[in-house]
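> Sharing a structure here in structure tokens format.
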Amino acid sequence: MNRRYRKTLIAANWKMNRLPGDCRDFIASLREYAAGARWCDMILCVPYTHLPAAIKAAKGVKVAIGAQNCHGEAAGAYTGEVSCRMLADLGVKYVIVGHSERRAMCGETDEQVNKKLLAALSCGLRPILCVGEPLNVREAGAELDYVRVQLKMALKGVDERSLRHVVIAYEPIWAIGTGRVATPEQADRVGETIRETLRSVYGARAARGVSILYGGSVSPENAQQLFSMPDVDGGLIGGASLDADSLKAIADAANQ
Ligand code: PEP
């Protein structure tokens with residue numbers, strides 16, 4: 001991480017877990033910790049149904065609430081979907097776009113991810129854009145090209161001013177929920193490539209201001225080494241974020 005230019009972020013992704021009623025105690029247990037966390041900001045991304053409870057519980061707590069998905073259109077006949085305007089109106093600050101689980105299970109394309117990201121920005125939400133390669137691509141040694149393409153497609157139409165609001169999460173698919181974490185060097189190499197790609201499109205100043213997170217089996221045991229790398233500015237945490245103590249232990253590694 002490089003605190004001179006960008007924020008260190010710890011973003012929790014609860015995925016489809018817990019109940020709305022769990023938000024109050026969970027967020028209350030972060031209150032004191034988050035208030036004293038000088039060097040990292042905390043974000044909690046919960047299912048849609050949990051958002052009102054999470055936002056209420058987070059009043060006066062230094063934890064920003066995020067959604068895990070959004071629709072790319074502003075309104076219309078999209079049964080079951082939720083727009084960015086609706087999320088922003090609730091008080092949501094961040095939204096995950098392009099998570100690999102949605103790309104794989106819901107068939108989300110790079111074009112759709114791009115639309116969602118643009119929609120989020122236009123409503124004042126900060127998108128957490130997920131990119132990352134599957135195992136066969138990593139084994140073929142093609143992960144850097146793969147991520148470059150995903151990144152460029154997702155950021156189509158994003159100007160330099162808006163880029164400031166984008167957070168990028170490198171999440172190798174083979175590391176998500178598997179217990180097989182990327183090495184700090186692997187995470188940093190892709191982080192560096194993401195920053196180089198941003199630099200080539202937006203220039204050095206804009207590129208160095210973007211927080212690039214690593215996600216994939218981050219735990220209290222491996223967090224410190226990962227976050228010590230120059231192009232790893234924190235983490236997107238799935239399984240380990242369901243327990244407040246483990247989330248705090250991971251945040252500790254980012255808060256040094
Ligand atoms: C995720 O869902 O974004 C994630 C990184 O999950 P996990 O930490 O469980 O691998």
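Chain labels run A, B, ... following the order of the structure tokens; each chain numbers its residues from 1, and ligands are numbered from 1 in the order shown.
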Residues within 6 Å of ligand 1, counting only C-alpha atoms and all ligand atoms: report them as an MDAnalysis selection string.
chainID A and resid 13 175:177 215:218 236:239
> Output N, CA, C and O atoms of each residue in that selection to a file, as a PDB file, in the first residue's frame.

```pdb
ATOM      1  N   ASN A  13     -17.407  -8.495   2.116  1.00  0.00           N
ATOM      2  CA  ASN A  13     -18.481  -8.954   1.217  1.00  0.00           C
ATOM      3  C   ASN A  13     -19.175 -10.129   1.893  1.00  0.00           C
ATOM      4  O   ASN A  13     -18.650 -11.233   1.904  1.00  0.00           O
ATOM      5  N   ALA A 175      -8.774 -18.300  -6.259  1.00  0.00           N
ATOM      6  CA  ALA A 175      -8.481 -18.020  -4.847  1.00  0.00           C
ATOM      7  C   ALA A 175      -9.748 -17.700  -4.048  1.00  0.00           C
ATOM      8  O   ALA A 175      -9.704 -17.617  -2.829  1.00  0.00           O
ATOM      9  N   ILE A 176     -10.872 -17.517  -4.737  1.00  0.00           N
ATOM     10  CA  ILE A 176     -12.075 -17.063  -4.031  1.00  0.00           C
ATOM     11  C   ILE A 176     -12.768 -18.239  -3.349  1.00  0.00           C
ATOM     12  O   ILE A 176     -13.193 -19.198  -4.012  1.00  0.00           O
ATOM     13  N   GLY A 177     -12.842 -18.138  -2.040  1.00  0.00           N
ATOM     14  CA  GLY A 177     -13.539 -19.157  -1.251  1.00  0.00           C
ATOM     15  C   GLY A 177     -12.869 -20.522  -1.270  1.00  0.00           C
ATOM     16  O   GLY A 177     -13.473 -21.520  -0.870  1.00  0.00           O
ATOM     17  N   GLY A 215      -8.487  -9.647  -3.365  1.00  0.00           N
ATOM     18  CA  GLY A 215      -9.502 -10.502  -2.740  1.00  0.00           C
ATOM     19  C   GLY A 215      -9.304 -11.945  -3.150  1.00  0.00           C
ATOM     20  O   GLY A 215      -8.946 -12.235  -4.302  1.00  0.00           O
ATOM     21  N   GLY A 216      -9.552 -12.851  -2.224  1.00  0.00           N
ATOM     22  CA  GLY A 216      -9.411 -14.294  -2.488  1.00  0.00           C
ATOM     23  C   GLY A 216      -8.756 -14.965  -1.307  1.00  0.00           C
ATOM     24  O   GLY A 216      -7.526 -14.944  -1.199  1.00  0.00           O
ATOM     25  N   SER A 217      -9.601 -15.493  -0.392  1.00  0.00           N
ATOM     26  CA  SER A 217      -9.112 -16.232   0.776  1.00  0.00           C
ATOM     27  C   SER A 217      -8.182 -15.416   1.677  1.00  0.00           C
ATOM     28  O   SER A 217      -7.240 -15.956   2.258  1.00  0.00           O
ATOM     29  N   VAL A 218      -8.461 -14.114   1.775  1.00  0.00           N
ATOM     30  CA  VAL A 218      -7.700 -13.308   2.740  1.00  0.00           C
ATOM     31  C   VAL A 218      -8.127 -13.723   4.154  1.00  0.00           C
ATOM     32  O   VAL A 218      -9.316 -13.944   4.416  1.00  0.00           O
ATOM     33  N   LEU A 236     -10.645  -7.118  -0.335  1.00  0.00           N
ATOM     34  CA  LEU A 236     -12.074  -7.431  -0.417  1.00  0.00           C
ATOM     35  C   LEU A 236     -12.204  -8.815   0.213  1.00  0.00           C
ATOM     36  O   LEU A 236     -11.613  -9.787  -0.275  1.00  0.00           O
ATOM     37  N   ILE A 237     -12.944  -8.876   1.303  1.00  0.00           N
ATOM     38  CA  ILE A 237     -12.911 -10.057   2.154  1.00  0.00           C
ATOM     39  C   ILE A 237     -14.265 -10.752   2.143  1.00  0.00           C
ATOM     40  O   ILE A 237     -15.273 -10.129   2.514  1.00  0.00           O
ATOM     41  N   GLY A 238     -14.307 -12.007   1.756  1.00  0.00           N
ATOM     42  CA  GLY A 238     -15.555 -12.766   1.743  1.00  0.00           C
ATOM     43  C   GLY A 238     -15.742 -13.517   3.056  1.00  0.00           C
ATOM     44  O   GLY A 238     -16.128 -12.947   4.076  1.00  0.00           O
ATOM     45  N   GLY A 239     -15.441 -14.814   3.024  1.00  0.00           N
ATOM     46  CA  GLY A 239     -15.690 -15.696   4.167  1.00  0.00           C
ATOM     47  C   GLY A 239     -15.219 -15.147   5.507  1.00  0.00           C
ATOM     48  O   GLY A 239     -15.961 -15.194   6.506  1.00  0.00           O
TER      49      GLY A 239
END
```
> Can you list every residue of range 114-209 of chain A that has an atom at most 8 Å from range 71-78 of chain A, with its nearest atom pair and the distance in Å to one decimal, using only C-alpha atoms, ordered by chain then number, as a tab-separated table?

```
residue	atom	partner	partner_atom	distance
A:Lys115	CA	A:Gly72	CA	4.8
A:Lys116	CA	A:Gly72	CA	4.0
A:Leu117	CA	A:Gly72	CA	7.5
A:Leu118	CA	A:Gly72	CA	7.6
A:Ala119	CA	A:Gly72	CA	5.5
A:Ala120	CA	A:Gly72	CA	8.0
```
> Could you write out that same residue set with N, CA and C atoms as a CSV table (one decimal), in the first residue's frame?

```
chain,number,residue,atom,x,y,z
A,115,LYS,N,-21.7,-1.1,-18.0
A,115,LYS,CA,-23.0,-0.3,-17.8
A,115,LYS,C,-23.3,-0.1,-16.3
A,116,LYS,N,-23.1,-1.1,-15.5
A,116,LYS,CA,-23.3,-1.0,-14.1
A,116,LYS,C,-22.4,0.0,-13.4
A,117,LEU,N,-21.1,-0.1,-13.9
A,117,LEU,CA,-20.1,0.8,-13.3
A,117,LEU,C,-20.5,2.3,-13.7
A,118,LEU,N,-20.9,2.5,-14.9
A,118,LEU,CA,-21.2,3.9,-15.3
A,118,LEU,C,-22.5,4.4,-14.6
A,119,ALA,N,-23.4,3.4,-14.4
A,119,ALA,CA,-24.6,3.8,-13.7
A,119,ALA,C,-24.3,4.2,-12.2
A,120,ALA,N,-23.4,3.4,-11.6
A,120,ALA,CA,-23.0,3.7,-10.2
A,120,ALA,C,-22.4,5.1,-10.1
```
> Would you mind listing what lies within 8 Å of His99 in chain A as a list in words, with only C-alpha atoms counted and same-chain residues fewer than 5 positions away left out?
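In the requested form, the answer reads Leu129, Cys130 and Val131 of chain A.
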> Measuring between only C-alpha atoms, which one of A:Gly132, A:Pro47, A:Gly107, A:Gly157 shows the shortest distance to Asp22 in chain A?
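Between A:Gly132, A:Pro47, A:Gly107, A:Gly157, the residue approaching Asp22 in chain A most closely is A:Pro47.
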> Near Val95 in chain A, within 6 Å and counting only C-alpha atoms, which residues show up once chain neighbours fewer than 6 positions away are dropped, as a list in words?
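Surrounding residues, per the criterion: Gly66, Ala67, Gln68, Pro127 and Ile128 of chain A.
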> For N, CA and C atoms, I'd like the residues from the last selection saved as a CSV table (one decimal), in the first residue's frame.

```
chain,number,residue,atom,x,y,z
A,66,GLY,N,-22.1,-0.9,1.6
A,66,GLY,CA,-22.1,-1.1,0.2
A,66,GLY,C,-23.1,-2.2,-0.2
A,67,ALA,N,-23.5,-2.2,-1.5
A,67,ALA,CA,-24.4,-3.2,-2.0
A,67,ALA,C,-23.4,-4.2,-2.8
A,68,GLN,N,-24.0,-5.3,-3.2
A,68,GLN,CA,-23.2,-6.4,-3.9
A,68,GLN,C,-23.4,-6.4,-5.4
A,127,PRO,N,-18.1,2.5,-7.3
A,127,PRO,CA,-18.1,1.1,-7.7
A,127,PRO,C,-16.8,0.4,-7.2
A,128,ILE,N,-16.9,-0.8,-6.7
A,128,ILE,CA,-15.8,-1.7,-6.4
A,128,ILE,C,-15.7,-2.7,-7.6
```
> Excluding Asp145 in chain A and residues on its chain fewer than 3 positions from it, collect all residues at most 12 Å away from it, counting only C-alpha atoms, and give them as a PyMOL selection string.
chain A and resi 131-133+137-138+140-142+148-152+190+193-194+197
> Quick one: write out the picked residues with N, CA and C atoms as a PDB file, in the first residue's frame?

```pdb
ATOM      1  N   VAL A 131     -12.034  -7.721 -10.933  1.00  0.00           N
ATOM      2  CA  VAL A 131     -11.439  -8.365 -12.107  1.00  0.00           C
ATOM      3  C   VAL A 131     -10.594  -9.536 -11.600  1.00  0.00           C
ATOM      4  N   GLY A 132     -10.354 -10.494 -12.470  1.00  0.00           N
ATOM      5  CA  GLY A 132      -9.513 -11.627 -12.046  1.00  0.00           C
ATOM      6  C   GLY A 132      -9.695 -12.817 -12.966  1.00  0.00           C
ATOM      7  N   GLU A 133      -8.648 -13.596 -13.054  1.00  0.00           N
ATOM      8  CA  GLU A 133      -8.605 -14.675 -14.038  1.00  0.00           C
ATOM      9  C   GLU A 133      -8.998 -16.032 -13.441  1.00  0.00           C
ATOM     10  N   VAL A 137      -6.406 -19.838 -17.063  1.00  0.00           N
ATOM     11  CA  VAL A 137      -5.699 -18.664 -17.612  1.00  0.00           C
ATOM     12  C   VAL A 137      -4.409 -18.429 -16.826  1.00  0.00           C
ATOM     13  N   ARG A 138      -4.488 -18.557 -15.519  1.00  0.00           N
ATOM     14  CA  ARG A 138      -3.281 -18.421 -14.685  1.00  0.00           C
ATOM     15  C   ARG A 138      -2.257 -19.495 -15.060  1.00  0.00           C
ATOM     16  N   ALA A 140      -1.879 -20.916 -17.826  1.00  0.00           N
ATOM     17  CA  ALA A 140      -1.305 -20.636 -19.148  1.00  0.00           C
ATOM     18  C   ALA A 140      -0.405 -19.404 -19.124  1.00  0.00           C
ATOM     19  N   GLY A 141      -0.298 -18.764 -17.975  1.00  0.00           N
ATOM     20  CA  GLY A 141       0.561 -17.576 -17.844  1.00  0.00           C
ATOM     21  C   GLY A 141      -0.028 -16.351 -18.533  1.00  0.00           C
ATOM     22  N   ALA A 142      -1.368 -16.332 -18.720  1.00  0.00           N
ATOM     23  CA  ALA A 142      -1.980 -15.238 -19.484  1.00  0.00           C
ATOM     24  C   ALA A 142      -2.799 -14.294 -18.607  1.00  0.00           C
ATOM     25  N   ARG A 148      -6.033  -7.057 -18.009  1.00  0.00           N
ATOM     26  CA  ARG A 148      -5.986  -5.786 -18.763  1.00  0.00           C
ATOM     27  C   ARG A 148      -7.255  -5.614 -19.599  1.00  0.00           C
ATOM     28  N   VAL A 149      -7.666  -6.700 -20.273  1.00  0.00           N
ATOM     29  CA  VAL A 149      -8.860  -6.622 -21.139  1.00  0.00           C
ATOM     30  C   VAL A 149     -10.103  -6.363 -20.284  1.00  0.00           C
ATOM     31  N   GLN A 150     -10.259  -7.111 -19.195  1.00  0.00           N
ATOM     32  CA  GLN A 150     -11.423  -6.914 -18.320  1.00  0.00           C
ATOM     33  C   GLN A 150     -11.486  -5.466 -17.828  1.00  0.00           C
ATOM     34  N   LEU A 151     -10.336  -4.956 -17.443  1.00  0.00           N
ATOM     35  CA  LEU A 151     -10.263  -3.603 -16.890  1.00  0.00           C
ATOM     36  C   LEU A 151     -10.663  -2.555 -17.930  1.00  0.00           C
ATOM     37  N   LYS A 152     -10.092  -2.685 -19.113  1.00  0.00           N
ATOM     38  CA  LYS A 152     -10.372  -1.686 -20.155  1.00  0.00           C
ATOM     39  C   LYS A 152     -11.842  -1.722 -20.561  1.00  0.00           C
ATOM     40  N   VAL A 190      -0.158  -8.339 -10.391  1.00  0.00           N
ATOM     41  CA  VAL A 190      -1.390  -7.965 -11.103  1.00  0.00           C
ATOM     42  C   VAL A 190      -1.812  -6.543 -10.705  1.00  0.00           C
ATOM     43  N   THR A 193       0.153  -4.242 -12.715  1.00  0.00           N
ATOM     44  CA  THR A 193      -0.318  -4.233 -14.111  1.00  0.00           C
ATOM     45  C   THR A 193      -1.593  -3.405 -14.251  1.00  0.00           C
ATOM     46  N   ILE A 194      -2.466  -3.521 -13.267  1.00  0.00           N
ATOM     47  CA  ILE A 194      -3.693  -2.702 -13.286  1.00  0.00           C
ATOM     48  C   ILE A 194      -3.302  -1.225 -13.255  1.00  0.00           C
ATOM     49  N   THR A 197      -1.863  -0.083 -16.522  1.00  0.00           N
ATOM     50  CA  THR A 197      -2.930   0.061 -17.528  1.00  0.00           C
ATOM     51  C   THR A 197      -3.675   1.373 -17.303  1.00  0.00           C
TER      52      THR A 197
END
```
> Go through range 79-128 of chain A and collect every residue that DSSP, computed from the backbone, puts in alpha helix (DSSP H); the answer should be as a PyMOL selection string.
chain A and resi 84-90+100-105+110-122
> Using the selection just defined, write its residues with N, CA and C atoms as a compact mmCIF listing (two decimals), in the first residue's frame.

```txt
# COMPACT_ATOMS: atom_id res chain seq x y z
N CYS A 84 -29.16 1.89 -9.34
CA CYS A 84 -28.19 2.63 -8.52
C CYS A 84 -28.86 3.81 -7.82
N ARG A 85 -29.85 4.40 -8.49
CA ARG A 85 -30.55 5.52 -7.87
C ARG A 85 -31.25 5.07 -6.58
N MET A 86 -31.84 3.87 -6.65
CA MET A 86 -32.51 3.34 -5.45
C MET A 86 -31.50 3.12 -4.33
N LEU A 87 -30.34 2.61 -4.69
CA LEU A 87 -29.30 2.35 -3.67
C LEU A 87 -28.81 3.67 -3.07
N ALA A 88 -28.55 4.63 -3.94
CA ALA A 88 -28.04 5.92 -3.46
C ALA A 88 -29.08 6.58 -2.56
N ASP A 89 -30.34 6.45 -2.93
CA ASP A 89 -31.41 7.07 -2.15
C ASP A 89 -31.49 6.48 -0.73
N LEU A 90 -31.11 5.21 -0.61
CA LEU A 90 -31.11 4.58 0.73
C LEU A 90 -29.95 5.06 1.60
N SER A 100 -16.85 -12.14 -9.67
CA SER A 100 -16.72 -13.33 -10.52
C SER A 100 -17.87 -14.31 -10.31
N GLU A 101 -18.47 -14.29 -9.12
CA GLU A 101 -19.62 -15.19 -8.90
C GLU A 101 -20.79 -14.76 -9.76
N ARG A 102 -20.96 -13.47 -9.95
CA ARG A 102 -22.04 -12.99 -10.81
C ARG A 102 -21.69 -13.20 -12.29
N ARG A 103 -20.43 -13.02 -12.62
CA ARG A 103 -20.04 -13.26 -14.01
C ARG A 103 -20.29 -14.73 -14.35
N ALA A 104 -19.94 -15.64 -13.41
CA ALA A 104 -20.05 -17.08 -13.69
C ALA A 104 -21.50 -17.57 -13.58
N MET A 105 -22.19 -17.16 -12.52
CA MET A 105 -23.50 -17.76 -12.26
C MET A 105 -24.65 -17.02 -12.94
N ASP A 110 -18.72 -8.38 -19.80
CA ASP A 110 -17.94 -7.16 -19.57
C ASP A 110 -18.76 -5.92 -19.94
N GLU A 111 -19.61 -6.04 -20.96
CA GLU A 111 -20.44 -4.90 -21.37
C GLU A 111 -21.43 -4.53 -20.25
N GLN A 112 -22.01 -5.56 -19.64
CA GLN A 112 -22.96 -5.29 -18.55
C GLN A 112 -22.23 -4.69 -17.34
N VAL A 113 -21.05 -5.21 -17.08
CA VAL A 113 -20.27 -4.69 -15.95
C VAL A 113 -19.97 -3.20 -16.20
N ASN A 114 -19.61 -2.88 -17.42
CA ASN A 114 -19.34 -1.48 -17.79
C ASN A 114 -20.57 -0.60 -17.56
N LYS A 115 -21.74 -1.10 -17.97
CA LYS A 115 -22.99 -0.32 -17.79
C LYS A 115 -23.27 -0.09 -16.31
N LYS A 116 -23.06 -1.12 -15.51
CA LYS A 116 -23.32 -1.01 -14.07
C LYS A 116 -22.36 0.01 -13.44
N LEU A 117 -21.12 -0.07 -13.86
CA LEU A 117 -20.11 0.84 -13.31
C LEU A 117 -20.46 2.30 -13.65
N LEU A 118 -20.85 2.53 -14.90
CA LEU A 118 -21.22 3.89 -15.31
C LEU A 118 -22.47 4.36 -14.57
N ALA A 119 -23.41 3.43 -14.39
CA ALA A 119 -24.64 3.79 -13.66
C ALA A 119 -24.31 4.15 -12.22
N ALA A 120 -23.44 3.39 -11.61
CA ALA A 120 -23.05 3.67 -10.22
C ALA A 120 -22.44 5.06 -10.11
N LEU A 121 -21.49 5.35 -10.99
CA LEU A 121 -20.82 6.65 -10.94
C LEU A 121 -21.82 7.79 -11.15
N SER A 122 -22.76 7.58 -12.06
CA SER A 122 -23.70 8.66 -12.36
C SER A 122 -24.63 8.93 -11.18
```
> I'd like to know which residues of range 169-238 of chain A are strand (DSSP E) (by DSSP, run on the backbone); could you write them as a PyMOL selection string?
chain A and resi 169-170+212-215+234-237
> Would you kindly return, as a PyMOL selection string, each protein, DNA or RNA residue with an atom no farther than 7 Å from any atom of range 50-58 of chain A, considering only C-alpha atoms and excluding same-chain residues fewer than 2 positions away?
chain A and resi 19-20+23-24+27+46-48+60-61+63+65+90-91
> Tell me which of A:Val82, A:Ile10, A:Leu242, A:Leu163 sits closest to Tyr202 in chain A, counting only C-alpha atoms.
A:Leu163
